[in-house]
$ cat structure-v1.txt   # compact mmCIF, C-alpha atoms
# COMPACT_ATOMS: atom_id res chain seq x y z
CA MET V 1 126.85 86.40 79.54
CA ALA V 2 123.27 87.42 78.90
CA GLU V 3 122.64 88.11 82.59
CA ASP V 4 125.57 90.52 82.84
CA ASN V 5 123.83 93.88 82.53
CA ASN V 6 126.46 96.01 84.22
CA LEU V 7 126.12 99.46 82.69
CA PHE V 8 129.67 100.39 83.66
CA ASN V 9 131.15 97.41 81.84
CA ALA V 10 130.85 99.11 78.48
CA PRO V 11 133.01 101.22 76.18
CA ILE V 12 133.32 104.90 76.92
CA PRO V 13 131.06 106.99 74.65
CA GLY V 14 133.09 108.05 71.64
CA GLN V 15 135.71 105.34 72.13
CA SER V 16 134.99 103.97 68.66
CA LEU V 17 136.03 107.32 67.18
CA THR V 18 139.52 107.19 68.66
CA ALA V 19 140.91 105.10 65.78
CA GLU V 20 141.15 106.00 62.13
CA PRO V 21 138.10 104.94 60.08
CA GLY V 22 138.85 101.57 58.51
CA ALA V 23 141.71 100.81 60.87
CA ARG V 24 139.81 98.06 62.67
CA PRO V 25 139.44 94.65 61.00
CA TRP V 26 135.63 94.72 61.27
CA GLN V 27 135.56 98.01 59.39
CA GLN V 28 137.14 96.35 56.37
CA PRO V 29 135.26 94.20 53.84
CA SER V 30 134.79 90.78 55.40
CA GLN V 31 136.98 87.88 54.36
CA PHE V 32 134.03 85.46 54.06
CA PRO V 33 131.01 87.42 52.89
CA THR V 34 128.64 84.45 52.49
CA VAL V 35 127.37 82.00 55.08
CA GLU V 36 128.67 79.06 53.05
CA GLU V 37 132.23 80.37 53.12
CA ALA V 38 132.06 81.33 56.78
CA PHE V 39 130.58 77.98 57.76
CA GLU V 40 133.27 76.12 55.82
CA PHE V 41 135.94 78.14 57.61
CA TYR V 42 134.53 77.23 61.02
CA VAL V 43 133.94 73.58 60.19
CA LYS V 44 137.60 73.21 59.27
CA ARG V 45 138.70 74.88 62.48
CA ILE V 46 136.29 73.15 64.85
CA THR V 47 136.86 69.67 63.48
CA ASP V 48 140.63 70.08 63.50
CA PRO V 49 141.95 67.80 66.28
CA ASP V 50 144.89 70.12 66.94
CA ILE V 51 142.59 73.05 67.69
CA ASN V 52 139.49 71.59 69.30
CA ASP V 53 141.17 70.29 72.48
CA SER V 54 140.49 73.58 74.24
CA LEU V 55 136.90 73.46 72.97
CA PHE V 56 136.34 70.06 74.56
CA ASP V 57 138.03 71.24 77.77
CA ALA V 58 135.59 74.13 77.97
CA LEU V 59 132.64 71.79 77.37
CA GLU V 60 133.84 69.42 80.08
CA MET V 61 134.12 72.32 82.50
CA GLY V 62 130.41 73.00 81.95
CA THR V 63 130.56 75.99 79.63
CA PRO V 64 127.31 76.05 77.64
CA VAL V 65 127.46 75.38 73.92
CA THR V 66 125.56 78.61 73.29
CA ALA V 67 128.26 80.67 75.02
CA ILE V 68 131.08 78.89 73.19
CA ALA V 69 129.43 79.37 69.79
CA GLU V 70 128.80 83.04 70.55
CA ILE V 71 132.43 83.59 71.54
CA ILE V 72 133.70 81.83 68.40
CA VAL V 73 131.61 83.89 65.98
CA GLN V 74 132.20 87.09 67.90
CA SER V 75 135.94 86.65 67.62
CA GLY V 76 135.42 85.98 63.90
CA VAL V 77 133.66 89.34 63.54
CA MET V 78 136.39 91.12 65.47
CA GLU V 79 139.04 89.58 63.22
CA GLY V 80 137.12 90.74 60.16
CA LYS V 81 136.38 87.21 58.95
CA HIS V 82 132.67 87.83 58.43
CA THR V 83 129.90 90.25 59.33
CA ILE V 84 127.74 90.12 62.44
CA ASP V 85 124.74 89.16 60.28
CA VAL V 86 126.53 86.09 58.98
CA SER V 87 127.59 85.16 62.50
CA ILE V 88 123.99 85.16 63.78
CA GLN V 89 122.87 83.07 60.81
CA ILE V 90 125.50 80.38 61.26
CA LEU V 91 125.20 80.23 65.08
CA PRO V 92 122.66 77.38 65.31
CA VAL V 93 124.56 75.21 62.84
CA LEU V 94 127.80 75.77 64.72
CA MET V 95 126.04 74.87 67.98
CA GLU V 96 124.77 71.68 66.41
CA LEU V 97 128.25 70.86 65.13
CA ILE V 98 129.82 71.42 68.56
CA ALA V 99 127.11 69.28 70.20
CA TYR V 100 127.69 66.53 67.66
CA LEU V 101 131.45 66.54 68.26
CA ALA V 102 130.89 66.54 72.03
CA GLU V 103 128.59 63.54 71.77
CA GLU V 104 131.10 61.76 69.58
CA MET V 105 133.75 62.37 72.24
CA GLU V 106 131.24 61.23 74.90
CA ILE V 107 131.39 64.52 76.77
CA ASP V 108 128.52 65.39 79.08
CA TYR V 109 127.86 68.89 77.74
CA ASN V 110 125.42 71.65 78.56
CA MET V 111 123.54 73.03 75.56
CA GLY V 112 122.64 76.21 77.43
CA MET V 113 119.07 76.26 76.20
CA ALA V 114 117.24 75.51 79.45
CA LYS V 115 117.71 77.60 82.52
CA LYS V 116 118.48 75.43 85.51
CA ILE V 117 116.29 76.13 88.50
CA ASP V 118 117.76 75.21 91.84
CA GLN V 119 114.78 74.20 93.93
CA ASP V 120 116.75 74.18 97.18
CA VAL V 121 117.78 77.81 96.98
CA ILE V 122 114.89 80.21 97.50
CA PRO V 123 115.74 83.77 96.47
CA GLU V 124 115.55 86.39 99.19
CA SER V 125 113.08 88.46 97.17
CA LYS V 126 110.59 85.59 97.24
CA ILE V 127 111.02 85.18 100.98
CA ALA V 128 110.45 88.91 101.50
CA LEU V 129 107.34 88.77 99.31
CA ALA V 130 105.94 85.84 101.26
CA VAL V 131 106.62 87.60 104.59
CA SER V 132 104.91 90.79 103.41
CA LYS V 133 101.89 88.77 102.25
CA MET V 134 101.70 87.12 105.64
CA LYS V 135 101.85 90.51 107.34
CA ASP V 136 99.00 91.77 105.18
CA LYS V 137 96.89 88.83 106.22
CA MET V 138 97.54 89.22 109.95
CA PRO V 139 95.19 92.22 110.70
CA GLU V 140 92.25 90.41 109.08
CA GLU V 141 92.70 87.56 111.47
CA LYS V 142 92.51 89.92 114.46
CA ASN V 143 89.07 91.19 113.38
CA LYS V 144 87.73 87.73 113.10
CA MET V 145 85.57 86.20 115.85
CA PRO V 146 87.59 84.46 118.50
CA MET V 147 87.73 80.81 117.93
CA VAL V 148 85.66 78.78 120.35
CA GLU V 149 86.90 75.39 121.08
CA PRO V 150 84.17 72.80 120.71
CA GLU V 151 83.12 71.13 123.91
CA ALA V 152 84.38 67.69 124.36
CA MET V 153 81.60 65.30 123.48
CA PRO V 154 81.21 62.30 125.76
CA GLU V 155 82.23 59.20 124.01
CA GLU V 156 79.38 56.82 123.49
CA SER V 157 80.45 53.32 124.10
CA ALA V 158 79.16 51.00 121.51
CA GLU V 159 76.75 48.43 122.86
CA PRO V 160 77.85 44.90 122.36
CA THR V 161 75.63 43.22 119.82
CA GLY V 162 77.10 39.75 119.73
CA LEU V 163 75.10 36.61 120.61
CA MET V 164 77.16 35.90 123.68
CA SER V 165 77.40 39.47 124.89
CA ARG V 166 76.09 40.35 128.33
CA ARG V 167 73.81 43.29 128.87
CA VAL V 168 75.05 45.89 131.30
CA MET G 1 129.12 94.66 70.03
CA SER G 2 128.26 91.45 71.76
CA LEU G 3 125.90 88.59 71.17
CA GLN G 4 123.74 88.41 74.24
CA GLY G 5 121.73 85.22 74.05
CA GLN G 6 121.41 85.33 70.26
CA ALA G 7 122.60 81.73 69.99
CA ALA G 8 119.72 80.33 72.03
CA LYS G 9 117.18 82.41 70.12
CA SER G 10 118.44 81.47 66.67
CA TYR G 11 118.78 77.81 67.69
CA LYS G 12 115.16 77.72 68.84
CA HIS G 13 114.14 79.43 65.60
CA PHE G 14 115.96 76.78 63.57
CA LEU G 15 114.41 73.95 65.59
CA ASP G 16 110.92 75.38 65.07
CA LYS G 17 111.58 75.85 61.38
CA MET G 18 112.90 72.32 61.03
CA MET G 19 109.86 70.85 62.76
CA SER G 20 107.48 72.84 60.55
CA ASN G 21 109.19 71.80 57.34
CA VAL G 22 107.04 69.58 55.17
CA PRO G 23 109.04 67.06 53.18
CA ASP G 24 108.66 67.17 49.41
CA VAL G 25 106.32 64.58 48.02
CA GLU G 26 107.32 63.13 44.69
CA GLU G 27 104.40 63.03 42.31
CA PRO G 28 104.00 59.82 40.34
CA VAL G 29 104.90 60.28 36.70
CA SER G 30 102.63 58.46 34.26
CA THR G 31 104.69 56.88 31.52
CA GLY G 32 102.10 54.84 29.70
CA LEU G 33 102.15 54.38 25.92
CA MET G 34 98.98 56.37 25.48
CA ASN G 35 100.08 59.11 27.83
CA ARG G 36 99.76 62.47 26.17
CA SER G 37 100.88 64.68 28.97
CA ARG G 38 104.32 66.01 28.50
CA PRO G 39 106.65 65.96 31.46
CA VAL G 40 107.26 69.45 32.70
CA ALA G 41 110.58 70.11 34.28
CA LYS G 42 110.32 71.68 37.67
CA GLU G 43 111.84 75.06 38.02
CA ASP G 44 114.88 75.06 40.22
CA LYS G 45 114.57 77.44 43.10
CA PRO G 46 117.47 79.82 43.49
CA ALA G 47 119.83 78.65 46.19
CA ASP G 48 119.13 80.39 49.45
CA ALA G 49 121.60 80.83 52.29
CA GLN G 50 118.94 79.74 54.78
CA ASP G 51 118.30 76.57 52.78
CA PHE G 52 121.99 75.70 52.91
CA LEU G 53 122.17 76.27 56.64
CA MET G 54 118.94 74.37 57.27
CA GLU G 55 120.24 71.45 55.25
CA GLN G 56 123.47 71.39 57.27
CA PHE G 57 121.50 71.72 60.48
CA THR G 58 119.20 68.83 59.58
CA GLN G 59 122.15 66.66 58.59
CA LEU G 60 123.87 67.31 61.91
CA GLN G 61 120.64 66.61 63.80
CA LYS G 62 120.38 63.27 62.03
CA LEU G 63 123.99 62.43 62.82
CA ARG G 64 123.44 63.29 66.47
CA ALA G 65 120.30 61.17 66.58
CA GLY G 66 122.30 58.33 65.04
CA LEU G 67 124.93 58.63 67.77
CA LYS G 68 122.26 58.60 70.48
CA ASN G 69 120.56 55.56 69.05
CA GLY G 70 123.86 53.75 68.78
$ encode --input "structure-v1.txt" --output "structure tokens"
Amino acid sequence: MAEDNNLFNAPIPGQSLTAEPGARPWQQPSQFPTVEEAFEFYVKRITDPDINDSLFDALEMGTPVTAIAEIIVQSGVMEGKHTIDVSIQILPVLMELIAYLAEEMEIDYNMGMAKKIDQDVIPESKIALAVSKMKDKMPEEKNKMPMVEPEAMPEESAEPTGLMSRRV
Amino acid sequence: MSLQGQAAKSYKHFLDKMMSNVPDVEEPVSTGLMNRSRPVAKEDKPADAQDFLMEQFTQLQKLRAGLKNG
């Protein structure tokens, strides 16, 4: 995920040099060098009813389309199907294809474009900020003049003005 | 190597590009008897990978819109 910025969840420096050069699939010439070929490859796979069951399951579970598309193309790069450049170029079209298939299957999917903001949950950092602001304001209030309560004004009773009213 | 939010960025880029695309306007061709202007064939632009992808993207958008509108 994009939010996962754990520095320790990364390869060890020099790990890429532990294998022979060219031993990894992505170090070989890609199988589909053009976007047209790569897109055709994915269209066949994604629209195949035998394969896309797991895709629809993931969409129903709430996995964003962006994440699914990223995983698909990333695995394609790791298998040596295409380059990382091609994968970034075909990403939006694959997302659109997945969204179209999901709508055809009447699946309530999450595109993953808008960040959901939960209004009920207030982050602790915001609470701490608000408390510190309140504390900053408190000394100013002490220096202020003490508030004097206004004297209670006697209520003036309205004089009756009707024709039949009696004078007091 | 990992794609961290590249999908959302490139999708937004495609959407913006699609919205800014101006459709081609066909110019009327005069074919009168006294017409002296010779028709000039338009030069075909070389096929671009982005054009192909944009075309596919637009087609899928139209299909999705068709599904939504019933």
$ atom_distance --input "structure-v1.txt" --atom1 "atom CA of V:His82" --atom2 "atom CA of V:Leu7"
27.7 Å
$ atom_distance --input "structure-v1.txt" --atom1 "atom CA of G:Gly5" --atom2 "atom CA of V:Ala67"
8.0 Å
$ closest_atom_pairs --input "structure-v1.txt" --of "chain V" --to "chain G" --cutoff "8 Å" --atoms "all atoms listed in the file" --output "JSON lines"
{"residue": "V:Met1", "atom": "CA", "partner": "G:Gln4", "partner_atom": "CA", "distance": 6.5}
{"residue": "V:Ala2", "atom": "CA", "partner": "G:Gln4", "partner_atom": "CA", "distance": 4.8}
{"residue": "V:Thr34", "atom": "CA", "partner": "G:Ala49", "partner_atom": "CA", "distance": 7.9}
{"residue": "V:Val35", "atom": "CA", "partner": "G:Ala49", "partner_atom": "CA", "distance": 6.5}
{"residue": "V:Glu36", "atom": "CA", "partner": "G:Ala49", "partner_atom": "CA", "distance": 7.3}
{"residue": "V:Thr66", "atom": "CA", "partner": "G:Ala7", "partner_atom": "CA", "distance": 5.4}
{"residue": "V:Ala67", "atom": "CA", "partner": "G:Ala7", "partner_atom": "CA", "distance": 7.6}
{"residue": "V:Ala69", "atom": "CA", "partner": "G:Ala7", "partner_atom": "CA", "distance": 7.2}
{"residue": "V:Glu70", "atom": "CA", "partner": "G:Leu3", "partner_atom": "CA", "distance": 6.3}
{"residue": "V:Gln74", "atom": "CA", "partner": "G:Ser2", "partner_atom": "CA", "distance": 7.0}
{"residue": "V:Ile88", "atom": "CA", "partner": "G:Gln6", "partner_atom": "CA", "distance": 7.0}
{"residue": "V:Gln89", "atom": "CA", "partner": "G:Ser10", "partner_atom": "CA", "distance": 7.5}
{"residue": "V:Ile90", "atom": "CA", "partner": "G:Leu53", "partner_atom": "CA", "distance": 7.0}
{"residue": "V:Leu91", "atom": "CA", "partner": "G:Ala7", "partner_atom": "CA", "distance": 5.8}
{"residue": "V:Pro92", "atom": "CA", "partner": "G:Tyr11", "partner_atom": "CA", "distance": 4.6}
{"residue": "V:Val93", "atom": "CA", "partner": "G:Phe57", "partner_atom": "CA", "distance": 5.2}
{"residue": "V:Met95", "atom": "CA", "partner": "G:Tyr11", "partner_atom": "CA", "distance": 7.8}
{"residue": "V:Glu96", "atom": "CA", "partner": "G:Leu60", "partner_atom": "CA", "distance": 6.3}
{"residue": "V:Leu97", "atom": "CA", "partner": "G:Leu60", "partner_atom": "CA", "distance": 6.5}
{"residue": "V:Ala99", "atom": "CA", "partner": "G:Arg64", "partner_atom": "CA", "distance": 8.0}
{"residue": "V:Tyr100", "atom": "CA", "partner": "G:Arg64", "partner_atom": "CA", "distance": 5.5}
{"residue": "V:Glu103", "atom": "CA", "partner": "G:Leu67", "partner_atom": "CA", "distance": 7.3}
{"residue": "V:Glu104", "atom": "CA", "partner": "G:Leu67", "partner_atom": "CA", "distance": 7.2}
{"residue": "V:Gly112", "atom": "CA", "partner": "G:Ala8", "partner_atom": "CA", "distance": 7.4}
{"residue": "V:Met113", "atom": "CA", "partner": "G:Ala8", "partner_atom": "CA", "distance": 5.9}
$ axis_aligned_box --input "structure-v1.txt" --around "stretch 19-25 of chain G" --padding-each-side "3 Å" --output "AutoDock Vina command-line options"
--center_x 108.1 --center_y 68.7 --center_z 55.4 --size_x 9.5 --size_y 14.3 --size_z 20.7
$ atom_distance --input "structure-v1.txt" --atom1 "atom CA of V:Pro64" --atom2 "atom CA of V:Asn110"
4.9 Å
$ closest_residue --input "structure-v1.txt" --among "V:Ala114, V:Ala38, V:Val131, V:Met78" --to "V:Ala23" --atoms "only C-alpha atoms"
V:Met78
$ closest_residue --input "structure-v1.txt" --among "G:Arg36, G:Asn21, G:Thr31, G:Asp16" --to "G:Asp51" --atoms "all atoms listed in the file"
G:Asn21
$ residues_around --input "structure-v1.txt" --residues "V:Phe56" --least-positions-apart "6" --cutoff "10 Å" --atoms "only C-alpha atoms" --output "JSON, numbers by chain"
{"V": [62, 63, 98, 101, 102, 105, 107, 109]}
$ closest_residue --input "structure-v1.txt" --among "V:Leu129, V:Ser165, V:Val77, V:Met111" --to "V:Gln27" --atoms "all atoms listed in the file"
V:Val77
$ residues_around --input "structure-v1.txt" --residues "V:Pro29" --least-positions-apart "4" --cutoff "9 Å" --atoms "all atoms listed in the file" --output "VMD selection string"
chain V and resid 25 33 80 to 83
$ write_last_selection --input "structure-v1.txt" --atoms "C-alpha atoms" --output "short mmCIF file (atom, residue, chain, number, x, y, z; two decimals), keeping the file's coordinate frame"
data_model
loop_
_atom_site.label_atom_id
_atom_site.label_comp_id
_atom_site.auth_asym_id
_atom_site.auth_seq_id
_atom_site.Cartn_x
_atom_site.Cartn_y
_atom_site.Cartn_z
CA PRO V 25 139.44 94.65 61.00
CA PRO V 33 131.01 87.42 52.89
CA GLY V 80 137.12 90.74 60.16
CA LYS V 81 136.38 87.21 58.95
CA HIS V 82 132.67 87.83 58.43
CA THR V 83 129.90 90.25 59.33
#
$ build_atoms --input "structure-v1.txt" --residues "stretch 41-66 of chain V" --atoms "N, CA and C atoms" --output "tab-separated table (two decimals), in the frame of the given file"
chain	number	residue	atom	x	y	z
V	41	PHE	N	134.77	77.71	56.82
V	41	PHE	CA	135.94	78.14	57.61
V	41	PHE	C	135.86	77.59	59.03
V	42	TYR	N	134.68	77.69	59.64
V	42	TYR	CA	134.53	77.23	61.02
V	42	TYR	C	134.54	75.71	61.13
V	43	VAL	N	133.95	75.05	60.15
V	43	VAL	CA	133.94	73.58	60.19
V	43	VAL	C	135.37	73.05	60.19
V	44	LYS	N	136.20	73.64	59.34
V	44	LYS	CA	137.60	73.21	59.27
V	44	LYS	C	138.30	73.42	60.60
V	45	ARG	N	138.02	74.56	61.22
V	45	ARG	CA	138.70	74.88	62.48
V	45	ARG	C	138.19	74.03	63.64
V	46	ILE	N	136.87	73.86	63.70
V	46	ILE	CA	136.29	73.15	64.85
V	46	ILE	C	136.60	71.66	64.79
V	47	THR	N	136.61	71.11	63.59
V	47	THR	CA	136.86	69.67	63.48
V	47	THR	C	138.35	69.32	63.47
V	48	ASP	N	139.19	70.33	63.49
V	48	ASP	CA	140.63	70.08	63.50
V	48	ASP	C	141.06	69.57	64.89
V	49	PRO	N	141.59	68.35	64.96
V	49	PRO	CA	141.95	67.80	66.28
V	49	PRO	C	143.02	68.60	67.02
V	50	ASP	N	143.84	69.33	66.27
V	50	ASP	CA	144.89	70.12	66.94
V	50	ASP	C	144.31	71.36	67.63
V	51	ILE	N	143.16	71.81	67.16
V	51	ILE	CA	142.59	73.05	67.69
V	51	ILE	C	141.50	72.79	68.72
V	52	ASN	N	140.70	71.72	68.49
V	52	ASN	CA	139.49	71.59	69.30
V	52	ASN	C	139.69	71.00	70.69
V	53	ASP	N	140.94	70.78	71.11
V	53	ASP	CA	141.17	70.29	72.48
V	53	ASP	C	140.64	71.28	73.52
V	54	SER	N	140.95	72.56	73.29
V	54	SER	CA	140.49	73.58	74.24
V	54	SER	C	138.97	73.70	74.24
V	55	LEU	N	138.37	73.43	73.08
V	55	LEU	CA	136.90	73.46	72.97
V	55	LEU	C	136.29	72.36	73.84
V	56	PHE	N	136.86	71.17	73.77
V	56	PHE	CA	136.34	70.06	74.56
V	56	PHE	C	136.61	70.28	76.07
V	57	ASP	N	137.75	70.91	76.36
V	57	ASP	CA	138.03	71.24	77.77
V	57	ASP	C	136.95	72.17	78.33
V	58	ALA	N	136.61	73.16	77.53
V	58	ALA	CA	135.59	74.13	77.97
V	58	ALA	C	134.24	73.45	78.15
V	59	LEU	N	133.91	72.52	77.26
V	59	LEU	CA	132.64	71.79	77.37
V	59	LEU	C	132.63	70.91	78.62
V	60	GLU	N	133.76	70.28	78.90
V	60	GLU	CA	133.84	69.42	80.08
V	60	GLU	C	133.73	70.22	81.37
V	61	MET	N	134.20	71.46	81.31
V	61	MET	CA	134.12	72.32	82.50
V	61	MET	C	132.70	72.86	82.72
V	62	GLY	N	131.81	72.60	81.78
V	62	GLY	CA	130.41	73.00	81.95
V	62	GLY	C	130.03	74.27	81.23
V	63	THR	N	130.92	74.78	80.40
V	63	THR	CA	130.56	75.99	79.63
V	63	THR	C	129.47	75.63	78.62
V	64	PRO	N	128.38	76.40	78.59
V	64	PRO	CA	127.31	76.05	77.64
V	64	PRO	C	127.74	76.20	76.18
V	65	VAL	N	127.15	75.36	75.36
V	65	VAL	CA	127.46	75.38	73.92
V	65	VAL	C	127.09	76.73	73.32
V	66	THR	N	125.99	77.31	73.82
V	66	THR	CA	125.56	78.61	73.29
V	66	THR	C	126.65	79.67	73.50
